[in-house]
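Below is one structure, written out as structure tokens; the observations come after it.
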Amino acid sequence: MIERLETGARMSRIVKHNGTIYLCGQVCKDATQGIKEQTETMLEKVEALLEQAGSDKEHMLSATLYIKDMKDFAEMNAVWDSWVPEGHAPARACVEASMARDVLLVEISVIAVEK
């Protein structure tokens with residue numbers, strides 16, 4: 001069975017299937033901020049969605065990060081490294097990408113499993 005949460009015309013924020021949780025791409029809460037703050041608030045949103053779906057960041061399987069400019073890679077990674085629980089790092093990819101809105105600096109897509 002497929003369960004879709006917060007479904008709109010274009011996408012669902014959360015899709016669950018056979019104990020696997022897929023989050024749609026998440027961006028920051030305030031795009032006027034720099035990469036550090038954008039990354040922090042983006043990860044806060046991921047954490048809240050994982051909780052809503054019955055999971056947490058220790059149960060992440062995979063994360064794909066999209067970063068507008070690789071010059072921000074180290075600063076974004078510093079936030080990421082402090083957020084991921086030790087010993088629970090997911091498989092991860094990070095690519096430089098054009099963003100849907102020019103002010104966005106980072107976006108993430110996450111796959112996790114239920115607790």
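In the structure tokens, chains take the letters A, B, ... in the order shown, each chain's residues start at 1, and ligands count up from 1 in the order shown.
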
Inset, instruction - Check the DSSP output for the backbone and give back, as JSON, numbers by chain, the residues of chain A in helix (DSSP H, G or I). - result: {"A": [35, 36, 37, 38, 39, 40, 41, 42, 43, 44, 45, 46, 47, 48, 49, 50, 51, 52, 57, 58, 59, 70, 71, 72, 73, 74, 75, 76, 77, 78, 79, 80, 81, 82, 83]}

Inset, instruction - Give me the residues within 8 Å of Ala53 in chain A as a list in words, counting only C-alpha atoms and dropping any in the same chain fewer than 4 places off. - result: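 My list of contacting residues is Ile14, Lys16, Ile21, Leu49 and Glu114 of chain A.
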
Write the residues of the preceding selection, restricted to N, CA and C atoms, as a PDB file, in the first residue's frame.
ATOM      1  N   ILE A  14       5.270  13.745   1.670  1.00  0.00           N
ATOM      2  CA  ILE A  14       5.744  12.465   2.191  1.00  0.00           C
ATOM      3  C   ILE A  14       5.016  11.347   1.438  1.00  0.00           C
ATOM      4  N   LYS A  16       4.898   7.044   1.666  1.00  0.00           N
ATOM      5  CA  LYS A  16       5.336   5.861   2.418  1.00  0.00           C
ATOM      6  C   LYS A  16       4.909   4.610   1.657  1.00  0.00           C
ATOM      7  N   ILE A  21      10.155   5.625   3.575  1.00  0.00           N
ATOM      8  CA  ILE A  21       9.616   6.984   3.565  1.00  0.00           C
ATOM      9  C   ILE A  21      10.410   7.820   2.571  1.00  0.00           C
ATOM     10  N   LEU A  49       9.349  16.467   9.209  1.00  0.00           N
ATOM     11  CA  LEU A  49       8.658  15.561   8.293  1.00  0.00           C
ATOM     12  C   LEU A  49       8.947  14.104   8.618  1.00  0.00           C
ATOM     13  N   GLU A 114      10.808   3.599   8.454  1.00  0.00           N
ATOM     14  CA  GLU A 114      10.063   3.801   9.691  1.00  0.00           C
ATOM     15  C   GLU A 114      10.864   3.249  10.864  1.00  0.00           C
TER      16      GLU A 114
END

Legend entry - Close residues, Leu65 in chain A itself excluded, 6 Å, only C-alpha atoms, min 3 positions apart in chain, as a PyMOL selection string: chain A and resi 94+107-108

For the selection you just gave me, I'd like the residues written to a file as a PDB file, in the first residue's frame, keeping N, CA and C atoms.
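The new file out29.pdb reads:
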ATOM      1  N   CYS A  94      25.891  14.870  -3.355  1.00  0.00           N
ATOM      2  CA  CYS A  94      25.742  16.319  -3.358  1.00  0.00           C
ATOM      3  C   CYS A  94      26.156  16.815  -4.736  1.00  0.00           C
ATOM      4  N   GLU A 107      19.026  22.514  -1.339  1.00  0.00           N
ATOM      5  CA  GLU A 107      17.795  21.717  -1.263  1.00  0.00           C
ATOM      6  C   GLU A 107      18.203  20.281  -0.968  1.00  0.00           C
ATOM      7  N   ILE A 108      17.314  19.533  -0.329  1.00  0.00           N
ATOM      8  CA  ILE A 108      17.610  18.138   0.018  1.00  0.00           C
ATOM      9  C   ILE A 108      16.406  17.254  -0.257  1.00  0.00           C
TER      10      ILE A 108
END

Legend entry - All residues 10 Å or closer to Ala74 in chain A, only C-alpha atoms, same chain fewer than 5 positions away omitted, as a list in words: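 Using only C-alpha atoms, the neighbours found are Lys36, Val79 and Trp80 of chain A.
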
Legend entry - Exercise: Met1 in chain A partners within 10 Å, only C-alpha atoms, chain neighbours under 3 positions left out, as a VMD selection string: chain A and resid 4 16 to 19

Inset, instruction - Return the single residue from A:Ser55, A:Gln33, A:Thr7, A:Thr39 that is closest to Val103 in chain A, with distances computed using only C-alpha atoms. - result: A:Gln33

Inset, instruction - Find the spatial neighbours of Gly87 in chain A, counting only C-alpha atoms, within a cut-off of 12 Å - ignore same-chain residues fewer than 3 positions away - and output them as a PyMOL selection string. - result: chain A and resi 57-60+81+83-84+90-91

Inset, instruction - Skip Leu50 in chain A itself and residues of its chain fewer than 2 positions away, then list as a ChimeraX atom specification all residues within 12 Å of it, counting only C-alpha atoms. - result: /A:5,13-16,20-24,26,43-48,52-61,109-115

Write a file of the just-selected residues containing C-alpha atoms, as a PDB file, in the first residue's frame.
ATOM      1  CA  LEU A   5       0.727  12.739   3.099  1.00  0.00           C
ATOM      2  CA  ARG A  13       5.479  16.036   0.860  1.00  0.00           C
ATOM      3  CA  ILE A  14       5.744  12.465   2.191  1.00  0.00           C
ATOM      4  CA  VAL A  15       5.185   9.136   0.455  1.00  0.00           C
ATOM      5  CA  LYS A  16       5.336   5.861   2.418  1.00  0.00           C
ATOM      6  CA  THR A  20      10.158   3.225   3.351  1.00  0.00           C
ATOM      7  CA  ILE A  21       9.616   6.984   3.565  1.00  0.00           C
ATOM      8  CA  TYR A  22      10.313   9.345   0.689  1.00  0.00           C
ATOM      9  CA  LEU A  23      10.409  13.097   1.331  1.00  0.00           C
ATOM     10  CA  CYS A  24       9.985  15.601  -1.448  1.00  0.00           C
ATOM     11  CA  GLN A  26      13.018  20.488   1.130  1.00  0.00           C
ATOM     12  CA  LEU A  43      17.245  20.229   8.058  1.00  0.00           C
ATOM     13  CA  GLU A  44      14.741  21.318  10.734  1.00  0.00           C
ATOM     14  CA  LYS A  45      11.987  20.789   8.153  1.00  0.00           C
ATOM     15  CA  VAL A  46      13.393  17.347   7.267  1.00  0.00           C
ATOM     16  CA  GLU A  47      13.432  16.389  10.932  1.00  0.00           C
ATOM     17  CA  ALA A  48       9.797  17.467  11.381  1.00  0.00           C
ATOM     18  CA  GLN A  52       5.423  13.090  11.087  1.00  0.00           C
ATOM     19  CA  ALA A  53       6.127   9.994   8.963  1.00  0.00           C
ATOM     20  CA  GLY A  54       7.131   7.849  11.965  1.00  0.00           C
ATOM     21  CA  SER A  55      10.890   8.065  11.562  1.00  0.00           C
ATOM     22  CA  ASP A  56      13.890  10.163  12.555  1.00  0.00           C
ATOM     23  CA  LYS A  57      17.300  11.163  11.250  1.00  0.00           C
ATOM     24  CA  GLU A  58      18.875   7.969  12.644  1.00  0.00           C
ATOM     25  CA  HIS A  59      16.733   6.019  10.174  1.00  0.00           C
ATOM     26  CA  MET A  60      17.748   7.902   7.003  1.00  0.00           C
ATOM     27  CA  LEU A  61      18.897   5.648   4.194  1.00  0.00           C
ATOM     28  CA  SER A 109      15.684  14.999  -0.825  1.00  0.00           C
ATOM     29  CA  VAL A 110      15.630  12.193   1.782  1.00  0.00           C
ATOM     30  CA  ILE A 111      14.711   8.517   1.893  1.00  0.00           C
ATOM     31  CA  ALA A 112      14.298   6.878   5.301  1.00  0.00           C
ATOM     32  CA  VAL A 113      12.660   3.887   6.958  1.00  0.00           C
ATOM     33  CA  GLU A 114      10.063   3.801   9.691  1.00  0.00           C
ATOM     34  CA  LYS A 115      11.264   3.337  13.263  1.00  0.00           C
TER      35      LYS A 115
END
